[in-house]
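Engineer: Got a structure for you, start_36.csv, holding CSV, C-alpha atoms and all ligand atoms.
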chain,number,residue,atom,x,y,z
A,1,LEU,CA,30.6,-33.3,6.4
A,2,MET,CA,28.7,-31.1,8.9
A,3,GLN,CA,31.7,-28.7,8.9
A,4,LEU,CA,31.1,-28.2,5.2
A,5,PHE,CA,27.4,-27.5,5.7
A,6,ARG,CA,27.7,-25.0,8.5
A,7,PRO,CA,29.1,-22.1,6.4
A,8,LEU,CA,26.4,-22.9,3.8
A,9,ASP,CA,23.8,-22.7,6.5
A,10,MET,CA,25.3,-19.3,7.6
A,11,LEU,CA,25.2,-18.1,4.1
A,12,GLY,CA,21.5,-19.0,3.9
A,13,TRP,CA,20.8,-17.2,7.1
A,14,VAL,CA,22.6,-14.1,5.9
A,15,TYR,CA,20.8,-14.2,2.6
A,16,ARG,CA,17.4,-14.5,4.4
A,17,SER,CA,18.2,-11.6,6.7
A,18,ILE,CA,19.2,-9.3,3.9
A,19,ARG,CA,16.2,-10.3,1.9
A,20,GLN,CA,13.9,-9.5,4.7
A,21,GLY,CA,15.4,-6.1,5.1
A,22,LEU,CA,15.0,-5.3,1.5
A,23,ILE,CA,11.5,-6.6,1.1
A,24,ASP,CA,9.7,-3.8,2.8
A,25,MET,CA,11.0,-1.4,0.2
A,26,GLU,CA,10.6,-3.6,-2.7
A,27,ALA,CA,7.2,-5.0,-1.9
A,28,MET,CA,6.0,-1.5,-1.2
A,29,PHE,CA,5.8,0.1,-4.5
A,30,GLY,CA,7.6,-2.3,-6.7
A,31,LEU,CA,10.4,0.1,-6.9
A,32,LEU,CA,13.4,-1.3,-8.6
A,33,ASP,CA,15.6,1.7,-8.4
A,34,THR,CA,16.5,2.3,-4.8
A,35,PRO,CA,15.4,5.8,-3.7
A,36,ALA,CA,18.0,8.2,-2.2
A,37,GLU,CA,18.5,7.5,1.5
A,38,VAL,CA,16.6,9.8,3.8
A,39,VAL,CA,18.6,10.3,6.9
A,40,ASP,CA,17.3,10.7,10.5
A,41,LYS,CA,18.2,13.8,12.5
A,42,PRO,CA,20.5,12.9,15.4
A,43,HIS,CA,18.6,11.7,18.4
A,44,ALA,CA,15.3,11.8,16.5
A,45,PRO,CA,12.6,10.8,18.9
A,46,ALA,CA,10.2,7.9,18.2
A,47,LEU,CA,6.9,8.8,16.6
A,48,SER,CA,4.1,8.6,19.1
A,49,VAL,CA,0.8,7.8,17.5
A,50,THR,CA,-2.0,8.8,19.7
A,51,ARG,CA,-4.9,8.9,17.3
A,52,GLY,CA,-3.5,8.6,13.8
A,53,ASN,CA,-4.2,12.0,12.2
A,54,VAL,CA,-2.3,12.6,9.0
A,55,ARG,CA,-1.7,16.0,7.6
A,56,PHE,CA,0.0,17.3,4.4
A,57,GLU,CA,0.9,21.0,4.6
A,58,GLY,CA,1.9,22.8,1.4
A,59,VAL,CA,3.8,19.8,0.1
A,60,HIS,CA,6.0,20.3,-2.9
A,61,PHE,CA,8.0,17.6,-4.5
A,62,GLY,CA,9.7,16.4,-7.7
A,63,TYR,CA,11.9,13.5,-8.4
A,64,ASP,CA,13.8,15.8,-10.6
A,65,PRO,CA,14.4,19.4,-9.8
A,66,GLU,CA,13.3,20.4,-13.3
A,67,ARG,CA,9.9,18.7,-13.0
A,68,GLU,CA,7.8,19.4,-10.0
A,69,ILE,CA,5.1,16.7,-9.5
A,70,LEU,CA,3.4,18.0,-6.3
A,71,LYS,CA,2.9,21.8,-6.3
A,72,GLY,CA,1.5,22.5,-2.9
A,73,VAL,CA,-0.7,19.7,-1.6
A,74,ASP,CA,-2.8,20.4,1.5
A,75,LEU,CA,-4.7,17.4,3.0
A,76,ASP,CA,-6.0,16.6,6.4
A,77,ILE,CA,-7.0,13.1,7.1
A,78,PRO,CA,-8.8,12.9,10.5
A,79,ALA,CA,-7.8,9.8,12.6
A,80,GLY,CA,-9.8,6.7,11.7
A,81,THR,CA,-11.2,8.0,8.4
A,82,SER,CA,-10.4,7.1,4.9
A,83,LEU,CA,-9.3,9.2,2.0
A,84,ALA,CA,-9.1,8.0,-1.6
A,85,VAL,CA,-6.7,9.8,-3.9
A,86,VAL,CA,-7.7,9.7,-7.5
A,87,GLY,CA,-6.5,11.6,-10.6
A,88,PRO,CA,-5.0,11.0,-14.0
A,89,SER,CA,-2.2,8.5,-14.4
A,90,GLY,CA,1.1,10.2,-13.4
A,91,ALA,CA,-0.6,12.8,-11.3
A,92,GLY,CA,1.5,11.8,-8.2
A,93,LYS,CA,-0.9,9.6,-6.2
A,94,SER,CA,1.7,7.0,-5.4
A,95,THR,CA,4.2,9.8,-4.7
A,96,LEU,CA,2.0,11.0,-1.9
A,97,ALA,CA,2.2,7.6,-0.3
A,98,ARG,CA,6.0,7.4,-0.8
A,99,LEU,CA,6.4,10.8,1.0
A,100,LEU,CA,4.3,9.7,3.9
A,101,TYR,CA,6.5,6.6,4.3
A,102,ARG,CA,9.4,8.9,4.0
A,103,PHE,CA,11.1,7.4,1.0
A,104,TYR,CA,11.7,11.0,0.1
A,105,ASP,CA,11.4,14.4,1.9
A,106,PRO,CA,9.2,17.1,0.4
A,107,THR,CA,11.2,20.0,-1.1
A,108,GLU,CA,8.8,22.4,0.6
A,109,GLY,CA,6.1,22.0,3.2
A,110,ARG,CA,5.7,19.1,5.7
A,111,ILE,CA,3.8,16.1,6.6
A,112,LEU,CA,2.6,15.5,10.2
A,113,ILE,CA,1.2,12.6,12.1
A,114,ASP,CA,-0.6,13.5,15.2
A,115,GLY,CA,1.1,16.9,15.1
A,116,GLN,CA,4.6,15.5,14.8
A,117,PRO,CA,6.5,16.4,11.5
A,118,ILE,CA,7.6,13.0,10.1
A,119,ALA,CA,11.0,14.5,9.1
A,120,GLU,CA,11.7,15.0,12.8
A,121,VAL,CA,11.0,11.4,14.1
A,122,ASP,CA,12.9,8.2,13.9
A,123,GLN,CA,12.2,6.4,10.6
A,124,ARG,CA,11.8,3.0,12.1
A,125,SER,CA,9.0,4.2,14.4
A,126,LEU,CA,7.4,6.0,11.5
A,127,ARG,CA,7.4,2.9,9.3
A,128,ALA,CA,6.2,0.7,12.1
A,129,ALA,CA,3.1,2.8,12.3
A,130,ILE,CA,2.2,2.5,8.6
A,131,GLY,CA,1.0,-0.6,6.8
A,132,ILE,CA,1.0,-0.9,3.1
A,133,VAL,CA,-1.0,-3.2,0.9
A,134,PRO,CA,1.0,-2.8,-2.4
A,135,GLN,CA,-0.1,-3.2,-5.9
A,136,ASP,CA,2.1,-6.2,-6.5
A,137,THR,CA,3.1,-8.5,-3.7
A,138,VAL,CA,6.5,-10.1,-3.9
A,139,LEU,CA,6.4,-13.8,-2.9
A,140,PHE,CA,9.4,-15.7,-1.8
A,141,ASN,CA,10.3,-19.3,-2.7
A,142,ASP,CA,9.3,-20.4,0.7
A,143,THR,CA,6.2,-21.7,2.5
A,144,ILE,CA,3.0,-19.7,2.5
A,145,GLY,CA,3.2,-19.4,6.2
A,146,TYR,CA,6.6,-17.8,5.9
A,147,ASN,CA,5.3,-15.5,3.2
A,148,ILE,CA,2.4,-14.3,5.5
A,149,ALA,CA,4.7,-13.8,8.5
A,150,TYR,CA,7.3,-12.2,6.3
A,151,GLY,CA,10.0,-10.7,8.3
A,152,ARG,CA,8.3,-11.6,11.5
A,153,SER,CA,9.6,-15.1,12.0
A,154,GLU,CA,8.8,-14.8,15.7
A,155,ALA,CA,5.0,-14.5,15.0
A,156,ALA,CA,3.1,-17.3,16.7
A,157,THR,CA,1.3,-19.8,14.4
A,158,ALA,CA,-2.0,-18.7,15.9
A,159,ASP,CA,-1.4,-15.1,14.9
A,160,VAL,CA,-0.4,-16.1,11.4
A,161,GLU,CA,-3.5,-18.1,11.0
A,162,GLY,CA,-5.6,-15.3,12.6
A,163,ALA,CA,-4.2,-12.8,10.1
A,164,ALA,CA,-4.9,-15.3,7.3
A,165,LYS,CA,-8.5,-15.6,8.5
A,166,GLY,CA,-8.9,-11.8,8.6
A,167,ALA,CA,-7.6,-11.7,5.0
A,168,ALA,CA,-10.0,-14.5,4.0
A,169,ILE,CA,-7.2,-16.7,2.7
A,170,ASP,CA,-7.2,-19.2,5.6
A,171,ASP,CA,-9.7,-21.7,4.0
A,172,PHE,CA,-7.7,-21.6,0.7
A,173,VAL,CA,-4.4,-22.4,2.6
A,174,LYS,CA,-5.9,-25.1,4.7
A,175,ALA,CA,-7.3,-26.9,1.7
A,176,LEU,CA,-3.8,-27.2,0.2
A,177,PRO,CA,-2.2,-30.6,0.7
A,178,GLN,CA,0.5,-29.2,2.9
A,179,GLY,CA,-1.4,-26.3,4.4
A,180,TYR,CA,0.7,-23.5,5.7
A,181,GLU,CA,3.8,-25.5,4.8
A,182,SER,CA,3.0,-25.4,1.1
A,183,MET,CA,5.8,-23.9,-1.0
A,184,VAL,CA,4.9,-20.9,-3.1
A,185,GLY,CA,6.7,-18.6,-5.5
A,186,GLU,CA,8.5,-19.4,-8.7
A,187,ARG,CA,9.4,-22.9,-7.6
A,188,GLY,CA,6.2,-23.7,-5.8
A,189,LEU,CA,2.5,-23.0,-6.1
A,190,LYS,CA,1.6,-20.0,-8.3
A,191,LEU,CA,-0.9,-17.8,-6.6
A,192,SER,CA,-3.4,-15.7,-8.5
A,193,GLY,CA,-3.5,-11.9,-8.4
A,194,GLY,CA,-6.3,-12.0,-5.8
A,195,GLU,CA,-4.6,-14.6,-3.6
A,196,LYS,CA,-1.4,-12.6,-3.6
A,197,GLN,CA,-3.3,-9.6,-2.5
A,198,ARG,CA,-4.8,-11.6,0.3
A,199,VAL,CA,-1.2,-12.6,1.4
A,200,ALA,CA,-0.4,-8.8,1.5
A,201,ILE,CA,-3.5,-8.1,3.5
A,202,ALA,CA,-2.6,-10.9,6.0
A,203,ARG,CA,0.9,-9.4,6.4
A,204,THR,CA,-0.6,-6.1,7.1
A,205,LEU,CA,-3.0,-7.5,9.6
A,206,LEU,CA,-0.1,-9.1,11.4
A,207,LYS,CA,1.6,-5.8,11.6
A,208,ASN,CA,-1.6,-4.1,12.9
A,209,PRO,CA,-0.6,-0.5,12.1
A,210,PRO,CA,-2.8,2.5,13.0
A,211,ILE,CA,-2.2,4.0,9.5
A,212,LEU,CA,-2.9,2.2,6.3
A,213,ILE,CA,-1.9,2.8,2.7
A,214,LEU,CA,-3.8,0.7,0.1
A,215,ASP,CA,-2.2,1.0,-3.3
A,216,GLU,CA,-4.9,-0.4,-5.4
A,217,ALA,CA,-3.9,-3.1,-7.9
A,218,THR,CA,-3.7,-1.8,-11.5
A,219,SER,CA,-3.7,-5.3,-12.9
A,220,ALA,CA,-7.3,-6.3,-13.5
A,221,LEU,CA,-8.9,-8.8,-11.2
A,222,ASP,CA,-12.2,-10.2,-12.4
A,223,SER,CA,-15.1,-8.2,-10.9
A,224,ARG,CA,-16.2,-10.8,-8.4
A,225,THR,CA,-12.6,-11.2,-7.0
A,226,GLU,CA,-12.3,-7.5,-6.9
A,227,GLN,CA,-15.5,-7.1,-4.9
A,228,ALA,CA,-14.5,-9.8,-2.4
A,229,ILE,CA,-11.1,-8.2,-1.9
A,230,GLN,CA,-12.7,-4.8,-1.6
A,231,GLU,CA,-14.9,-6.1,1.2
A,232,THR,CA,-11.9,-7.4,3.1
A,233,LEU,CA,-10.1,-4.1,2.6
A,234,GLU,CA,-13.0,-2.2,3.9
A,235,ARG,CA,-13.1,-4.4,7.0
A,236,ILE,CA,-9.4,-3.9,7.8
A,237,ALA,CA,-9.6,-0.2,7.1
A,238,ARG,CA,-12.2,0.3,9.8
A,239,ASN,CA,-10.9,2.3,12.7
A,240,ARG,CA,-7.6,3.0,11.0
A,241,THR,CA,-6.6,6.1,9.1
A,242,THR,CA,-6.5,4.9,5.5
A,243,ILE,CA,-5.2,6.4,2.3
A,244,ILE,CA,-6.4,4.6,-0.8
A,245,ILE,CA,-4.3,5.2,-3.9
A,246,ALA,CA,-7.0,4.6,-6.5
A,247,HIS,CA,-6.0,3.9,-10.0
A,248,ARG,CA,-9.6,3.0,-10.9
A,249,LEU,CA,-12.7,4.7,-9.4
A,250,SER,CA,-14.8,1.6,-8.7
A,251,THR,CA,-13.2,1.2,-5.3
A,252,VAL,CA,-13.5,4.7,-4.0
A,253,VAL,CA,-17.2,5.1,-3.5
A,254,GLY,CA,-17.1,3.9,0.1
A,255,ALA,CA,-14.2,6.2,1.1
A,256,ASP,CA,-15.1,8.9,3.7
A,257,ARG,CA,-13.6,11.5,1.3
A,258,ILE,CA,-12.0,11.6,-2.1
A,259,ALA,CA,-9.3,13.9,-3.2
A,260,VAL,CA,-8.8,14.5,-6.9
A,261,LEU,CA,-5.2,15.3,-7.7
A,262,GLU,CA,-4.5,17.3,-10.8
A,263,ASN,CA,-1.6,19.4,-11.9
A,264,GLY,CA,0.2,18.8,-8.6
A,265,LYS,CA,-2.6,20.1,-6.5
A,266,VAL,CA,-5.8,18.9,-4.8
A,267,ALA,CA,-8.4,20.0,-7.4
A,268,GLU,CA,-11.5,18.6,-5.7
A,269,LEU,CA,-12.3,17.2,-2.3
A,270,GLY,CA,-15.5,15.7,-1.0
A,271,THR,CA,-17.6,12.5,-0.8
A,272,HIS,CA,-18.5,10.6,-3.9
A,273,GLU,CA,-22.0,12.2,-3.9
A,274,GLU,CA,-20.7,15.7,-3.4
A,275,LEU,CA,-18.2,15.3,-6.2
A,276,LEU,CA,-20.7,13.8,-8.6
A,277,GLN,CA,-23.1,16.7,-7.9
A,278,LYS,CA,-20.3,19.2,-8.5
A,279,GLY,CA,-20.1,17.9,-12.1
A,280,GLY,CA,-16.3,18.6,-12.3
A,281,LEU,CA,-13.3,16.5,-13.0
A,282,TYR,CA,-14.3,13.6,-10.7
A,283,ALA,CA,-17.8,13.4,-12.3
A,284,ASP,CA,-16.2,13.2,-15.7
A,285,LEU,CA,-13.8,10.5,-14.7
A,286,TRP,CA,-16.6,8.6,-13.0
A,287,TYR,CA,-19.0,8.5,-15.9
A,288,ARG,CA,-16.3,7.6,-18.3
A,289,GLN,CA,-15.1,4.7,-16.1
A,290,ALA,CA,-18.6,3.5,-15.3
A,291,ALA,CA,-19.3,3.2,-19.0
A,292,GLU,CA,-16.1,1.2,-19.5
A,293,ARG,CA,-17.0,-1.1,-16.6
A,294,VAL,CA,-20.4,-1.9,-17.9
A,295,LEU,CA,-18.8,-3.0,-21.2
A,296,GLU,CA,-16.2,-5.1,-19.3
A,297,GLU,CA,-18.8,-6.8,-17.2
A,298,ALA,CA,-20.9,-7.6,-20.2
A,299,ALA,CA,-17.8,-9.1,-21.9
A,300,GLU,CA,-17.1,-11.2,-18.7
A,301,ALA,CA,-20.7,-12.4,-18.6
A,302,ALA,CA,-20.5,-13.4,-22.2
A,303,GLU,CA,-17.4,-15.6,-21.7
B,401,LIG,P1,-0.6,5.9,-11.8
B,401,LIG,O1,-2.0,6.0,-11.5
B,401,LIG,O2,-0.3,5.8,-13.3
B,401,LIG,O3,0.1,4.8,-11.0
B,401,LIG,P2,0.4,8.1,-10.1
B,401,LIG,O4,-0.5,9.2,-10.0
B,401,LIG,O5,0.4,7.1,-8.9
B,401,LIG,O6,0.1,7.3,-11.4
B,401,LIG,P3,3.2,8.5,-9.5
B,401,LIG,O7,3.6,7.1,-9.5
B,401,LIG,O8,3.1,9.2,-8.2
B,401,LIG,O9,1.8,8.7,-10.3
B,401,LIG,O10,4.2,9.3,-10.4
B,401,LIG,C1,4.1,10.7,-10.7
B,401,LIG,C2,5.1,11.1,-11.7
B,401,LIG,O11,6.4,11.0,-11.2
B,401,LIG,C3,5.1,10.3,-13.0
B,401,LIG,O12,5.2,11.3,-14.0
B,401,LIG,C4,6.3,9.4,-12.9
B,401,LIG,O13,6.8,9.2,-14.1
B,401,LIG,C5,7.2,10.2,-12.0
B,401,LIG,N1,8.0,9.2,-11.2
B,401,LIG,C6,7.5,8.3,-10.4
B,401,LIG,N2,8.5,7.6,-9.7
B,401,LIG,C7,9.7,8.2,-10.2
B,401,LIG,C8,11.1,8.0,-9.9
B,401,LIG,N3,11.5,7.0,-9.0
B,401,LIG,N4,12.0,8.8,-10.5
B,401,LIG,C9,11.6,9.7,-11.4
B,401,LIG,N5,10.3,10.0,-11.7
B,401,LIG,C10,9.4,9.2,-11.1
Let me see the file written as structure tokens.
Structural biologist:
Amino acid sequence: LMQLFRPLDMLGWVYRSIRQGLIDMEAMFGLLDTPAEVVDKPHAPALSVTRGNVRFEGVHFGYDPEREILKGVDLDIPAGTSLAVVGPSGAGKSTLARLLYRFYDPTEGRILIDGQPIAEVDQRSLRAAIGIVPQDTVLFNDTIGYNIAYGRSEAATADVEGAAKGAAIDDFVKALPQGYESMVGERGLKLSGGEKQRVAIARTLLKNPPILILDEATSALDSRTEQAIQETLERIARNRTTIIIAHRLSTVVGADRIAVLENGKVAELGTHEELLQKGGLYADLWYRQAAERVLEEAAEAAE
């Protein structure tokens, strides 16, 4: 009978390995269509992150040659600071993050980390330096511990629990009847949007990257959950170079700087106060969303 099971076991192992390889891409931006393969130059050296400075220099890009999305983006994100990218839907905010992770290469211009063009370095070393908290987290039909350690099956239990604490999900997990061994996913416990985000934050803490991309959730969390998640994110962003892809403005106030992307370029750049005073595009967006938020909160309070 064992002989019968061994190949099945192998199959399970192969399946898990493949799944782990794929997850990075999928979880990242929820991309269903696999992007064209970006190939390393022969003997590409490993990226050496000394401080974590990120620079976009005259970056042009379009998914389709007929439609350019980014038309010369210049951005300098000093090491350890945060930059929030805002702008109308479809402006190319997530595209900037995909280029930094090198899912695609710019058609013109370049991106540098600590002075090294990312197109010249080994992809694996690039991706090891960047952590992403995606909009939507993919959960496997496995234990919550496995889901937090995701792809790092060698991670020590203490490290997994430490990351869970940092993501403020440890208490929740410990209160489950089976703790870290509780099954989640379609065939297990269903996690809420906020809990799933915390799993993503814990994964990132375990990776401990110097550069962070936070792709803000578009799906609405209630305002109290959103605020709690926001506090956790601010804590993990400290001392890391952080790019926040902001689909709403409520979360960008605390960023060191805000870039407003419009028509493929950085139209405005500054702190929240500076941009409000300027009375331009950001100020318009801000007042409009602030009014919407007041209405939403009033509706929540009335429930
Ligand atoms: P939102 O705030 O709505 O998420 P965004 O500013 O993040 O928007 P992107 O996701 O960067 O926008 O998309 C920019 C443009 O590129 C959009 O017009 C989008 O339709 C297009 N686009 C995005 N991904 C692809 C793709 N894989 N293939 C072709 N076009 C794409």
Engineer: Leaving out A:Ser94 and any residue of its chain fewer than 2 positions from it, which residues lie within 8 Å of it when counting all atoms listed in the file, given as a PDB file with C-alpha atoms, keeping the file's coordinate frame?
Structural biologist:
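The new file part31.pdb reads:
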ATOM      1  CA  GLY A  92       1.500  11.800  -8.200  1.00  0.00           C
ATOM      2  CA  LEU A  96       2.000  11.000  -1.900  1.00  0.00           C
ATOM      3  CA  ALA A  97       2.200   7.600  -0.300  1.00  0.00           C
ATOM      4  CA  ARG A  98       6.000   7.400  -0.800  1.00  0.00           C
ATOM      5  CA  ASP A 215      -2.200   1.000  -3.300  1.00  0.00           C
ATOM      6  CA  ILE A 245      -4.300   5.200  -3.900  1.00  0.00           C
TER       7      ILE A 245
END
Engineer: Sorted by chain and rising residue number, list the residues of chain A at most 7 Å from ligand LIG 401 (chain B) (counting all atoms listed in the file), each with its closest atom pair and distance in Å to one decimal, as CSV.
Structural biologist:
residue,atom,partner,partner_atom,distance
A:Asp33,CA,B:LIG401,N3,6.7
A:Pro35,CA,B:LIG401,N3,6.7
A:Tyr63,CA,B:LIG401,C9,4.9
A:Asp64,CA,B:LIG401,C9,6.5
A:Ile69,CA,B:LIG401,C2,6.0
A:Gly87,CA,B:LIG401,O4,6.5
A:Pro88,CA,B:LIG401,O4,6.3
A:Ser89,CA,B:LIG401,O2,3.5
A:Gly90,CA,B:LIG401,O9,3.5
A:Ala91,CA,B:LIG401,O4,3.8
A:Gly92,CA,B:LIG401,O8,3.1
A:Lys93,CA,B:LIG401,O4,3.8
A:Ser94,CA,B:LIG401,O5,3.7
A:Thr95,CA,B:LIG401,O8,3.7
A:Leu96,CA,B:LIG401,O8,6.6
A:His247,CA,B:LIG401,O1,4.8
Engineer: Identify which of the residues A:Lys265, A:Arg248, A:Lys174, A:Thr271 lies closest to A:Arg293, counting all atoms listed in the file when measuring atom-to-atom distances.
Structural biologist: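 Smallest separation from A:Arg293 among the options: A:Arg248.
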Engineer: Would you work out the distance separating atom CA of A:Ile148 from atom CA of A:Arg240, expressed in Å to one decimal?
Structural biologist: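 Distance between the two atoms: 20.7 Å.
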Engineer: Taking 6 positions as the minimum chain separation for residues in the same chain, which residues sit within 8 Å of A:Ala164 when counting only C-alpha atoms? Answer as a count of residues only.
Structural biologist: 5
Engineer: In Å, with one decimal, what is the gap from atom CA of A:Arg257 to atom CA of A:Ala128?
Structural biologist: 25.0 Å
Engineer: Interatomic distance between atom CA of A:Glu300 and atom CA of A:Ala228?
Structural biologist: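 Atom CA of A:Ala228 lies at a distance of 16.6 Å from atom CA of A:Glu300.
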Engineer: Around the point (-14.0, -6.4, -16.6), in the coordinates given by the file, pick out the residues reaching within 6 Å, counting all atoms listed in the file, and return them as a VMD selection string.
Structural biologist: chain A and resid 222 296 to 297
Engineer: Measuring atom to atom with only C-alpha atoms, identify which of A:Ile201, A:Gln135, A:Val86, A:Leu233 is nearest to A:Leu275.
Structural biologist: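 Residue with the minimum atom-to-atom distance to A:Leu275: A:Val86.
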Engineer: Between A:Gly264, A:Gln230, A:Lys207, A:Gln277, which has the minimum distance to A:Gly62 (counting all atoms listed in the file)?
Structural biologist: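 Ranked by minimum distance to A:Gly62, first place goes to A:Gly264.
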Engineer: Give me the residues near stretch 99-111 of chain A as a PyMOL selection string, where near means some atom within 6 Å (using only C-alpha atoms) and where sequence neighbours in that chain fewer than 4 positions away do not count.
Structural biologist: chain A and resi 55-61+117
Engineer: Could you list as a PyMOL selection string every residue that has an atom within 10 Å of (2.4, -4.0, 6.1), using the file's coordinates and counting all atoms listed in the file?
Structural biologist: chain A and resi 24+27-28+127-134+150+200-209+211-214
Engineer: Which of these residues is nearest to A:Asn263, using only C-alpha atoms: A:Gly145, A:Gly185, A:Pro65, A:Gly72?
Structural biologist: A:Gly72
Engineer: Hey, what's within 8 Å of A:Val121 if we count all atoms listed in the file and toss same-chain stuff fewer than 4 positions away? As a list in words, please?
Structural biologist: Asp40, Lys41, Ala44, Pro45, Ala46, Leu47, Gln116, Pro117, Ser125 and Leu126 of chain A
Engineer: Find the residues around A:Gly52 up to 9 Å (only C-alpha atoms counted), leave out those fewer than 6 positions away in its own chain, and share them as a tab-separated table (two decimals) with C-alpha atoms, keeping the file's coordinate frame.
Structural biologist:
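Here's the written file result19.tsv:
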chain	number	residue	atom	x	y	z
A	77	ILE	CA	-7.00	13.10	7.10
A	78	PRO	CA	-8.80	12.90	10.50
A	79	ALA	CA	-7.80	9.80	12.60
A	80	GLY	CA	-9.80	6.70	11.70
A	113	ILE	CA	1.20	12.60	12.10
A	114	ASP	CA	-0.60	13.50	15.20
A	129	ALA	CA	3.10	2.80	12.30
A	210	PRO	CA	-2.80	2.50	13.00
A	211	ILE	CA	-2.20	4.00	9.50
A	240	ARG	CA	-7.60	3.00	11.00
A	241	THR	CA	-6.60	6.10	9.10
Engineer: Using only C-alpha atoms, can you tell me which of A:Leu75, A:Asn141, A:Glu68, A:Gly194 comes closest to A:Leu112?
Structural biologist: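 Using only C-alpha atoms, A:Leu112 sits closest to A:Leu75.
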Engineer: Just checking: using only C-alpha atoms, which residue out of A:Ser250, A:Thr50, A:Ala155, A:Ala167 ends up closest to A:Arg288?
Structural biologist: A:Ser250
